[in-house]
>>> print(open('input16.txt').read())   # compact mmCIF, C-alpha atoms
# COMPACT_ATOMS: atom_id res chain seq x y z
CA THR A 1 13.37 68.75 20.20
CA ASP A 2 12.35 72.32 19.46
CA SER A 3 12.50 71.45 15.76
CA THR A 4 9.33 69.36 16.16
CA ALA A 5 7.40 71.87 18.26
CA ALA A 6 4.31 73.61 16.89
CA ALA A 7 5.11 76.05 14.09
CA ASP A 8 3.64 79.05 15.93
CA THR A 9 5.75 78.63 19.08
CA SER A 10 8.82 80.70 19.85
CA ALA A 11 10.85 77.53 20.41
CA ARG A 12 10.09 76.30 16.88
CA GLN A 13 10.78 79.70 15.36
CA ALA A 14 14.15 79.88 17.12
CA SER A 15 14.93 76.34 15.98
CA ASP A 16 14.13 77.23 12.39
CA LEU A 17 16.40 80.29 12.57
CA VAL A 18 19.28 78.18 13.90
CA ALA A 19 18.72 75.51 11.26
CA ASP A 20 18.61 78.07 8.45
CA ALA A 21 21.79 79.78 9.62
CA PHE A 22 23.90 76.83 10.77
CA GLY A 23 22.22 73.78 9.27
CA PRO A 24 19.73 71.29 10.78
CA GLY A 25 22.51 69.26 12.37
CA ARG A 26 23.28 72.09 14.78
CA GLU A 27 20.37 70.89 16.91
CA SER A 28 21.50 67.27 16.94
CA PRO A 29 25.25 67.33 17.61
CA LEU A 30 26.95 64.12 18.65
CA VAL A 31 29.70 64.20 21.26
CA ILE A 32 32.59 61.75 21.27
CA VAL A 33 34.24 61.43 24.67
CA VAL A 34 37.89 60.46 24.13
CA ASP A 35 39.78 58.84 27.00
CA GLY A 36 43.49 59.33 26.26
CA ARG A 37 45.00 58.23 29.55
CA GLU A 38 46.66 55.16 28.07
CA VAL A 39 48.21 57.27 25.31
CA VAL A 40 49.60 59.74 27.84
CA GLU A 41 50.93 56.97 30.09
CA ALA A 42 52.56 55.20 27.14
CA ALA A 43 54.20 58.41 25.91
CA ALA A 44 55.47 59.22 29.41
CA ALA A 45 56.87 55.70 29.87
CA GLU A 46 58.61 55.83 26.51
CA ALA A 47 60.20 59.21 27.24
CA GLY A 48 61.48 58.02 30.63
CA PRO A 49 61.87 59.93 33.89
CA ASP A 50 62.86 63.14 32.12
CA ALA A 51 59.77 63.15 29.89
CA ASP A 52 58.94 66.50 28.34
CA PRO A 53 55.32 67.39 29.26
CA GLN A 54 54.88 69.08 25.92
CA GLN A 55 56.02 65.96 24.09
CA VAL A 56 53.57 63.83 26.08
CA ALA A 57 50.78 66.33 25.40
CA ALA A 58 51.64 66.29 21.70
CA ALA A 59 51.18 62.51 21.61
CA ALA A 60 47.72 62.89 23.13
CA GLN A 61 46.85 65.71 20.75
CA ALA A 62 47.86 63.55 17.79
CA SER A 63 45.47 60.83 18.96
CA TYR A 64 42.66 63.33 19.40
CA GLY A 65 43.36 64.72 15.94
CA ALA A 66 43.13 61.22 14.46
CA VAL A 67 39.73 60.77 16.10
CA VAL A 68 38.58 64.10 14.66
CA GLN A 69 39.71 63.13 11.15
CA TRP A 70 37.98 59.76 11.46
CA ALA A 71 34.73 61.36 12.59
CA ALA A 72 34.88 64.06 9.91
CA GLY A 73 35.31 61.40 7.24
CA GLN A 74 31.98 59.72 8.04
CA ASP A 75 29.11 60.18 5.59
CA GLY A 76 26.68 62.84 6.73
CA VAL A 77 29.15 64.81 8.91
CA VAL A 78 29.42 68.55 8.30
CA ASN A 79 32.05 69.32 10.91
CA ALA A 80 34.10 67.59 13.60
CA GLN A 81 36.39 69.38 16.04
CA VAL A 82 37.86 69.14 19.51
CA ALA A 83 35.46 71.08 21.73
CA GLY A 84 37.35 70.78 24.99
CA LEU A 85 40.19 69.17 26.94
CA ASN A 86 40.47 68.30 30.60
CA GLU A 87 43.13 69.95 32.76
CA ASP A 88 45.83 67.30 32.41
CA GLY A 89 45.15 66.64 28.72
CA THR A 90 44.18 63.00 29.23
CA GLY A 91 40.65 63.44 27.84
CA ALA A 92 38.90 65.36 25.09
CA LEU A 93 35.43 66.09 23.79
CA VAL A 94 34.97 65.91 20.02
CA LEU A 95 31.87 67.71 18.73
CA VAL A 96 30.39 66.10 15.61
CA THR A 97 27.79 68.10 13.67
CA PRO A 98 25.61 66.01 11.33
CA ALA A 99 24.16 67.28 8.08
CA THR A 100 20.66 66.22 9.15
CA GLY A 101 18.34 67.10 11.99
CA PRO A 102 17.51 65.12 15.14
CA ASP A 103 14.22 63.76 13.74
CA GLN A 104 15.74 62.29 10.57
CA ALA A 105 16.76 58.66 10.08
CA ALA A 106 20.10 59.68 8.57
CA THR A 107 21.20 61.04 11.96
CA ASP A 108 20.46 57.70 13.58
CA GLU A 109 22.42 55.97 10.84
CA LEU A 110 25.40 58.25 11.44
CA LEU A 111 25.30 57.37 15.13
CA ALA A 112 25.29 53.68 14.25
CA ASP A 113 28.21 54.14 11.83
CA LEU A 114 30.28 55.93 14.47
CA ARG A 115 29.69 53.19 16.99
CA ASP A 116 30.34 50.44 14.44
CA GLY A 117 33.74 51.92 13.58
CA GLN A 118 34.60 52.77 17.16
CA ALA A 119 36.69 49.67 17.81
CA ASP A 120 38.96 50.27 14.81
CA ILE A 121 39.81 53.87 15.69
CA GLU A 122 40.38 52.88 19.33
CA ALA A 123 42.90 50.25 18.23
CA GLU A 124 44.57 52.73 15.88
CA THR A 125 44.92 55.59 18.37
CA GLY A 126 45.13 53.73 21.69
CA THR A 127 42.22 55.72 23.07
CA THR A 128 38.83 54.69 24.42
CA LEU A 129 35.77 56.35 22.92
CA GLY A 130 32.17 56.86 23.89
CA VAL A 131 29.59 58.44 21.59
CA THR A 132 26.96 60.46 23.44
CA GLY A 133 24.93 63.64 23.15
CA LEU A 134 21.20 64.33 23.36
CA THR A 135 20.40 62.55 20.09
CA ALA A 136 22.41 59.49 21.11
CA ILE A 137 20.69 59.38 24.50
CA GLN A 138 17.26 59.59 22.88
CA VAL A 139 18.11 56.84 20.39
CA ASP A 140 19.47 54.59 23.14
CA THR A 141 16.39 55.20 25.29
CA SER A 142 14.04 54.41 22.40
CA GLU A 143 15.92 51.20 21.61
CA GLN A 144 15.86 50.09 25.25
CA LEU A 145 12.11 50.72 25.46
CA ALA A 146 11.50 48.92 22.17
CA ASP A 147 13.50 45.91 23.37
CA ALA A 148 11.67 45.84 26.72
CA LEU A 149 8.17 46.32 25.27
CA PRO A 150 7.54 42.68 24.20
CA ILE A 151 8.69 41.41 27.61
CA TYR A 152 6.60 44.02 29.41
CA LEU A 153 3.55 43.17 27.33
CA ALA A 154 4.02 39.43 27.81
CA VAL A 155 4.32 39.76 31.58
CA VAL A 156 1.31 42.08 31.93
CA VAL A 157 -0.95 40.13 29.57
CA GLY A 158 0.25 36.75 30.84
CA LEU A 159 -0.39 37.53 34.50
CA ALA A 160 -3.78 39.03 33.68
CA PHE A 161 -4.69 35.93 31.71
CA LEU A 162 -3.87 33.71 34.69
CA LEU A 163 -5.80 35.89 37.13
CA LEU A 164 -8.84 36.05 34.87
CA MET A 165 -8.70 32.28 34.45
CA VAL A 166 -8.79 31.91 38.23
CA VAL A 167 -11.72 34.31 38.58
CA PHE A 168 -13.86 33.09 35.67
CA ARG A 169 -12.86 29.38 35.68
CA SER A 170 -12.49 29.48 31.92
CA VAL A 171 -9.83 29.48 29.23
CA LEU A 172 -11.70 31.15 26.39
CA VAL A 173 -13.06 34.11 28.36
CA PRO A 174 -9.59 35.31 29.50
CA LEU A 175 -8.21 34.58 26.03
CA THR A 176 -10.80 36.78 24.30
CA ALA A 177 -10.28 39.45 26.95
CA THR A 178 -6.51 39.69 26.41
CA LEU A 179 -6.66 39.38 22.63
CA GLY A 180 -9.34 42.07 22.54
CA PHE A 181 -7.05 44.36 24.53
CA LEU A 182 -4.23 43.82 22.04
CA LEU A 183 -6.61 44.76 19.21
CA SER A 184 -7.62 48.00 20.92
CA VAL A 185 -3.98 48.93 21.67
CA LEU A 186 -2.86 48.28 18.09
CA ALA A 187 -5.76 50.34 16.73
CA THR A 188 -4.97 53.15 19.17
CA ILE A 189 -1.29 53.31 18.24
CA GLY A 190 -2.21 53.23 14.55
CA LEU A 191 -4.65 56.13 14.91
CA THR A 192 -2.20 58.14 17.02
CA VAL A 193 0.56 57.68 14.44
CA ALA A 194 -1.83 58.64 11.63
CA VAL A 195 -3.01 61.82 13.34
CA PHE A 196 0.13 63.06 15.10
CA GLN A 197 3.01 61.62 13.10
CA GLU A 198 1.51 61.55 9.62
CA GLY A 199 -0.70 64.65 10.00
CA LEU A 200 -4.03 63.00 9.17
CA PHE A 201 -6.89 65.55 8.92
CA GLY A 202 -4.36 68.38 9.33
CA TRP A 203 -5.21 68.87 13.00
CA ILE A 204 -1.59 69.38 14.06
CA ASP A 205 1.83 69.71 12.47
CA PRO A 206 3.30 66.20 11.97
CA ALA A 207 5.95 65.35 14.55
CA PRO A 208 7.58 62.22 15.97
CA LEU A 209 5.85 60.53 18.89
CA ILE A 210 7.61 60.07 22.21
CA SER A 211 9.13 56.61 22.52
CA PHE A 212 7.47 55.68 25.82
CA LEU A 213 3.93 56.37 24.56
CA PRO A 214 3.17 52.66 23.89
CA VAL A 215 4.36 51.74 27.40
CA LEU A 216 2.17 54.46 28.90
CA VAL A 217 -0.90 53.45 26.89
CA ILE A 218 -0.49 49.75 27.64
CA GLY A 219 0.01 50.29 31.36
CA ILE A 220 -2.95 52.60 31.93
CA VAL A 221 -5.45 51.18 29.46
CA PHE A 222 -4.80 47.57 30.38
CA GLY A 223 -5.84 48.24 33.96
CA LEU A 224 -9.01 49.98 32.83
CA ALA A 225 -9.78 47.29 30.24
CA MET A 226 -9.52 44.49 32.77
CA ASP A 227 -11.72 46.45 35.19
CA TYR A 228 -14.40 46.73 32.51
CA GLN A 229 -13.97 43.05 31.70
CA VAL A 230 -14.48 42.06 35.33
CA PHE A 231 -17.48 44.40 35.76
CA LEU A 232 -19.25 42.91 32.78
CA VAL A 233 -18.26 39.24 32.72
CA THR A 234 -18.55 38.71 36.49
CA ARG A 235 -22.25 39.52 36.25
CA ILE A 236 -22.59 37.20 33.25
CA ARG A 237 -20.93 34.34 35.12
CA GLU A 238 -22.97 35.04 38.23
CA ALA A 239 -26.18 34.63 36.23
CA HIS A 240 -24.79 31.48 34.64
CA VAL A 241 -23.78 29.73 37.87
CA HIS A 242 -27.17 30.56 39.38
CA GLY A 243 -29.05 28.65 36.72
CA ALA A 244 -29.33 30.75 33.56
CA ASP A 245 -28.10 29.14 30.36
CA SER A 246 -25.05 30.68 28.74
CA ARG A 247 -26.90 32.91 26.28
CA GLU A 248 -29.48 34.13 28.80
CA ALA A 249 -26.59 34.87 31.16
CA VAL A 250 -24.92 37.06 28.52
CA LEU A 251 -28.12 39.04 28.01
CA GLU A 252 -28.78 39.42 31.71
CA GLY A 253 -25.20 40.38 32.53
CA PHE A 254 -25.08 42.92 29.73
CA ARG A 255 -28.39 44.50 30.79
CA SER A 256 -27.21 44.76 34.39
CA ASN A 257 -23.66 46.04 34.07
CA ALA A 258 -23.28 47.60 30.61
CA ARG A 259 -24.39 50.96 31.95
CA VAL A 260 -21.75 50.81 34.69
CA VAL A 261 -19.02 50.13 32.13
CA ALA A 262 -20.35 52.86 29.82
CA ALA A 263 -20.45 55.45 32.61
CA ALA A 264 -16.96 54.58 33.81
CA ALA A 265 -15.61 54.73 30.26
CA VAL A 266 -17.23 58.10 29.52
CA ILE A 267 -15.67 59.56 32.67
CA MET A 268 -12.18 58.37 31.73
CA ILE A 269 -12.57 59.43 28.10
CA SER A 270 -13.57 62.92 29.25
CA VAL A 271 -10.58 63.17 31.57
CA PHE A 272 -8.09 62.04 28.93
CA ALA A 273 -9.69 64.09 26.15
CA ALA A 274 -9.16 67.25 28.22
CA PHE A 275 -5.41 66.84 27.68
CA VAL A 276 -5.94 67.15 23.93
CA LEU A 277 -6.81 70.82 24.52
CA GLN A 278 -3.29 71.55 25.78
CA ASP A 279 -0.80 73.32 23.52
CA ASP A 280 2.07 70.91 24.13
CA ALA A 281 2.16 68.26 21.39
CA ILE A 282 3.43 65.56 23.75
CA ILE A 283 0.59 66.09 26.25
CA LYS A 284 -1.86 66.33 23.38
CA SER A 285 -0.75 63.01 21.89
CA MET A 286 -0.91 61.29 25.29
CA GLY A 287 -4.44 62.51 25.92
CA PHE A 288 -5.56 61.53 22.43
CA ALA A 289 -4.07 58.04 22.66
CA LEU A 290 -5.54 57.32 26.08
CA ALA A 291 -8.99 58.66 25.19
CA VAL A 292 -9.13 56.69 21.94
CA ALA A 293 -7.86 53.54 23.65
CA VAL A 294 -10.52 53.69 26.36
CA ALA A 295 -13.26 54.41 23.82
CA LEU A 296 -12.23 51.52 21.57
CA ASP A 297 -11.71 49.07 24.38
CA ALA A 298 -14.87 49.88 26.33
CA PHE A 299 -17.40 50.31 23.55
CA VAL A 300 -15.99 48.16 20.75
CA ILE A 301 -14.20 45.36 22.63
CA ARG A 302 -15.85 45.01 26.07
CA MET A 303 -19.43 45.98 25.17
CA THR A 304 -19.64 44.63 21.62
CA LEU A 305 -17.04 42.02 20.73
CA ILE A 306 -16.80 40.17 24.08
CA PRO A 307 -20.58 39.70 24.65
CA ALA A 308 -21.03 38.71 21.01
CA LEU A 309 -18.28 36.08 21.19
CA MET A 310 -19.60 34.72 24.48
CA TYR A 311 -23.11 34.51 23.04
CA LEU A 312 -21.83 32.63 19.99
CA MET A 313 -19.64 30.28 22.03
CA GLY A 314 -22.47 29.34 24.37
CA GLU A 315 -21.45 26.78 27.02
CA LYS A 316 -18.02 26.45 25.40
CA ALA A 317 -17.15 29.88 26.78
CA TRP A 318 -16.86 28.30 30.25
CA TRP A 319 -14.74 25.34 29.15
CA LEU A 320 -11.86 24.56 31.49
CA PRO A 321 -9.76 21.38 31.36
CA ARG A 322 -10.11 19.29 34.51
CA TRP A 323 -6.41 19.26 35.28
CA ILE A 324 -6.30 23.07 35.17
CA ASP A 325 -9.43 23.22 37.34
CA ARG A 326 -7.68 21.09 39.98
CA VAL A 327 -4.57 23.22 39.91
CA LEU A 328 -6.22 26.65 40.05
CA PRO A 329 -7.19 28.08 43.46
CA ASP A 330 -10.93 28.29 44.09
CA VAL A 331 -11.95 31.96 44.14
CA ASP A 332 -15.74 32.00 44.46
CA VAL A 333 -16.48 35.53 43.23
CA GLU A 334 -20.11 34.86 42.27
CA GLY A 335 -21.11 32.94 45.42
CA GLU A 336 -21.60 29.66 43.58
CA SER A 337 -20.79 27.63 46.69
CA LEU A 338 -23.45 29.46 48.68
CA HIS A 339 -25.97 28.58 46.00
CA ARG A 340 -24.96 24.91 46.15
CA ASP A 341 -25.14 24.86 49.96
CA ALA A 342 -28.55 26.45 49.95
CA ALA A 343 -29.99 24.06 47.35
CA PRO A 344 -30.68 21.08 49.72
CA ASP A 345 -32.50 23.36 52.17
CA ASP A 346 -34.65 24.74 49.37
CA GLU A 347 -35.58 21.23 48.31
CA GLY A 348 -36.45 20.29 51.85
>>> encode(input="input16.txt", output="structure tokens")
Amino acid sequence: TDSTAAADTSARQASDLVADAFGPGRESPLVIVVDGREVVEAAAAEAGPDADPQQVAAAAQASYGAVVQWAAGQDGVVNAQVAGLNEDGTGALVLVTPATGPDQAATDELLADLRDGQADIEAETGTTLGVTGLTAIQVDTSEQLADALPIYLAVVVGLAFLLLMVVFRSVLVPLTATLGFLLSVLATIGLTVAVFQEGLFGWIDPAPLISFLPVLVIGIVFGLAMDYQVFLVTRIREAHVHGADSREAVLEGFRSNARVVAAAAVIMISVFAAFVLQDDAIIKSMGFALAVAVALDAFVIRMTLIPALMYLMGEKAWWLPRWIDRVLPDVDVEGESLHRDAAPDDEG
């Protein structure tokens, strides 16, 4: 929200003025939507055909008042009041003002408390409630993204592992590639939190990170990381299948394609780093995270860790169980079959 904008912006200054005058919760109000149709219908049925509209409306108002009292009695609530009614009085909006701001954990706890006690007040008043508002929407969105992230990561990494296993005819090479990506992503998120959320080095005012940043970083950087992996390791495997031993193949492949990976990485780092120069903290954090992720993955993982592991593993790097080899489709990226076909002619 504006309360987490840069201190020198007009939005932040206005937010601070509102918070000072009305409290920090003024920027994170919760809204309870009260559906009182059943209350109105029950009151009308009880009164009979000659029901007094004012009597029916009074029954609905009493239910809305009970909801207000219940909300006002929650810990961390400064004020609760009916903010509006629909035309026929069958619905109401209850505005709940917390004592804390939108970026504080206590506000999230208040939202959870309201929803936990929702069933009891519904049974007591005969109404149906829904707790919403900007803060509630943001919390719900963050929780949905957090719940989906492990599944998203498993699908992306799992499919990439299978595809790399088909291309490289190996188990360990795809495994090191995917695990290396996870290392670079974890390091990137840690650095981004340290700089932008914790205020490391004092570069910017500390502020919460947007909830979809991990999804964005994983989606973009994973594609780039696997591109760099294929650029580098395809040349290593090509040298290996054409006669070089495993360690010579690593050296030859690195000499041939490391410059391609380095050039591609520098280009992407430059593009993403340009976003860090923007004033908006969200854009700045995105650019920083993507630039750091590409730098770590390209230069630390793809061009240092992966060749080193392959060199140490030697021939074991290309180990593939026979039953998996029979099941996997034959994708001859390096032209190994052409080399085998040409071998008899060379001997003759």
>>> atom_distance(input="input16.txt", atom1="atom CA of Gly126 of chain A", atom2="atom CA of Gly36 of chain A")
7.4 Å
>>> axis_aligned_box(input="input16.txt", around="segment 125-139 of chain A", padding_each_side="5 Å", output="AutoDock Vina command-line options")
--center_x 31.2 --center_y 59.0 --center_z 21.4 --size_x 37.9 --size_y 20.6 --size_z 16.1
>>> closest_residue(input="input16.txt", among="A:Ser63, A:Ser211, A:Thr192, A:Thr4", to="Glu143 of chain A", atoms="all atoms listed in the file")
A:Ser211
>>> residues_around(input="input16.txt", residues="Lys316 of chain A", least_positions_apart="6", cutoff="12 Å", atoms="all atoms listed in the file", output="MDAnalysis selection string")
chainID A and resid 169:173 245:247 309:310
>>> residues_around(input="input16.txt", residues="Gln104 of chain A", least_positions_apart="6", cutoff="10 Å", atoms="only C-alpha atoms", output="NGL selection string")
:A and (24-25 or 28 or 208)
>>> closest_residue(input="input16.txt", among="A:Ala136, A:Ala295, A:Ala106, A:Ile324", to="Ser270 of chain A", atoms="only C-alpha atoms")
A:Ala295
>>> closest_residue(input="input16.txt", among="A:Val233, A:Leu175, A:Val131, A:Ala148", to="Leu320 of chain A", atoms="all atoms listed in the file")
A:Leu175
>>> closest_residue(input="input16.txt", among="A:Ala289, A:Leu209, A:Ala43, A:Ala71", to="Ala5 of chain A", atoms="only C-alpha atoms")
A:Leu209
>>> residues_around(input="input16.txt", residues="Ala57 of chain A", least_positions_apart="6", cutoff="12 Å", atoms="all atoms listed in the file", output="PyMOL selection string")
chain A and resi 36-37+39-44+47+51+63-64+85-92
>>> atom_distance(input="input16.txt", atom1="atom CA of Gln81 of chain A", atom2="atom CA of Asp113 of chain A")
17.8 Å
>>> atom_distance(input="input16.txt", atom1="atom CA of Ile269 of chain A", atom2="atom CA of Leu163 of chain A")
26.1 Å
>>> closest_residue(input="input16.txt", among="A:Ala281, A:Ala194, A:Leu216, A:Leu183", to="Arg302 of chain A", atoms="all atoms listed in the file")
A:Leu183
>>> residues_around(input="input16.txt", residues="Thr97 of chain A", least_positions_apart="5", cutoff="8 Å", atoms="all atoms listed in the file", output="number ranges by chain")
A: 25-26, 28-30, 77-80
>>> closest_residue(input="input16.txt", among="A:Val94, A:Ile236, A:Ile218, A:Leu186", to="Gly314 of chain A", atoms="all atoms listed in the file")
A:Ile236
>>> residues_around(input="input16.txt", residues="Glu122 of chain A", least_positions_apart="2", cutoff="10 Å", atoms="all atoms listed in the file", output="VMD selection string")
chain A and resid 34 to 36 63 67 117 to 120 124 to 129
>>> residues_near_point(input="input16.txt", point="(-27.2, 37.7, 30.6)", cutoff="10 Å", atoms="only C-alpha atoms", output="list in words")
Leu232, Val233, Arg235, Ile236, Arg237, Glu238, Ala239, His240, Ala244, Asp245, Ser246, Arg247, Glu248, Ala249, Val250, Leu251, Glu252, Gly253, Phe254, Arg255, Ser256, Asn257, Pro307 and Tyr311 of chain A
>>> residues_near_point(input="input16.txt", point="(2.2, 41.8, 32.5)", cutoff="12 Å", atoms="all atoms listed in the file", output="PDB file with C-alpha atoms, in the frame of the given file")
ATOM      1  CA  ALA A 148      11.670  45.840  26.720  1.00  0.00           C
ATOM      2  CA  LEU A 149       8.170  46.320  25.270  1.00  0.00           C
ATOM      3  CA  PRO A 150       7.540  42.680  24.200  1.00  0.00           C
ATOM      4  CA  ILE A 151       8.690  41.410  27.610  1.00  0.00           C
ATOM      5  CA  TYR A 152       6.600  44.020  29.410  1.00  0.00           C
ATOM      6  CA  LEU A 153       3.550  43.170  27.330  1.00  0.00           C
ATOM      7  CA  ALA A 154       4.020  39.430  27.810  1.00  0.00           C
ATOM      8  CA  VAL A 155       4.320  39.760  31.580  1.00  0.00           C
ATOM      9  CA  VAL A 156       1.310  42.080  31.930  1.00  0.00           C
ATOM     10  CA  VAL A 157      -0.950  40.130  29.570  1.00  0.00           C
ATOM     11  CA  GLY A 158       0.250  36.750  30.840  1.00  0.00           C
ATOM     12  CA  LEU A 159      -0.390  37.530  34.500  1.00  0.00           C
ATOM     13  CA  ALA A 160      -3.780  39.030  33.680  1.00  0.00           C
ATOM     14  CA  PHE A 161      -4.690  35.930  31.710  1.00  0.00           C
ATOM     15  CA  LEU A 162      -3.870  33.710  34.690  1.00  0.00           C
ATOM     16  CA  LEU A 163      -5.800  35.890  37.130  1.00  0.00           C
ATOM     17  CA  THR A 178      -6.510  39.690  26.410  1.00  0.00           C
ATOM     18  CA  VAL A 215       4.360  51.740  27.400  1.00  0.00           C
ATOM     19  CA  ILE A 218      -0.490  49.750  27.640  1.00  0.00           C
ATOM     20  CA  GLY A 219       0.010  50.290  31.360  1.00  0.00           C
ATOM     21  CA  ILE A 220      -2.950  52.600  31.930  1.00  0.00           C
ATOM     22  CA  PHE A 222      -4.800  47.570  30.380  1.00  0.00           C
ATOM     23  CA  GLY A 223      -5.840  48.240  33.960  1.00  0.00           C
TER      24      GLY A 223
END
>>> closest_atom_pairs(input="input16.txt", of="segment 279-330 of chain A", to="segment 264-268 of chain A", cutoff="9 Å", atoms="all atoms listed in the file", output="JSON lines")
{"residue": "A:Leu290", "atom": "CA", "partner": "A:Met268", "partner_atom": "CA", "distance": 8.8}
{"residue": "A:Ala291", "atom": "CA", "partner": "A:Met268", "partner_atom": "CA", "distance": 7.3}
{"residue": "A:Val294", "atom": "CA", "partner": "A:Ala265", "partner_atom": "CA", "distance": 6.5}
{"residue": "A:Ala295", "atom": "CA", "partner": "A:Ala265", "partner_atom": "CA", "distance": 6.9}
{"residue": "A:Ala298", "atom": "CA", "partner": "A:Ala265", "partner_atom": "CA", "distance": 6.3}
{"residue": "A:Phe299", "atom": "CA", "partner": "A:Ala265", "partner_atom": "CA", "distance": 8.2}
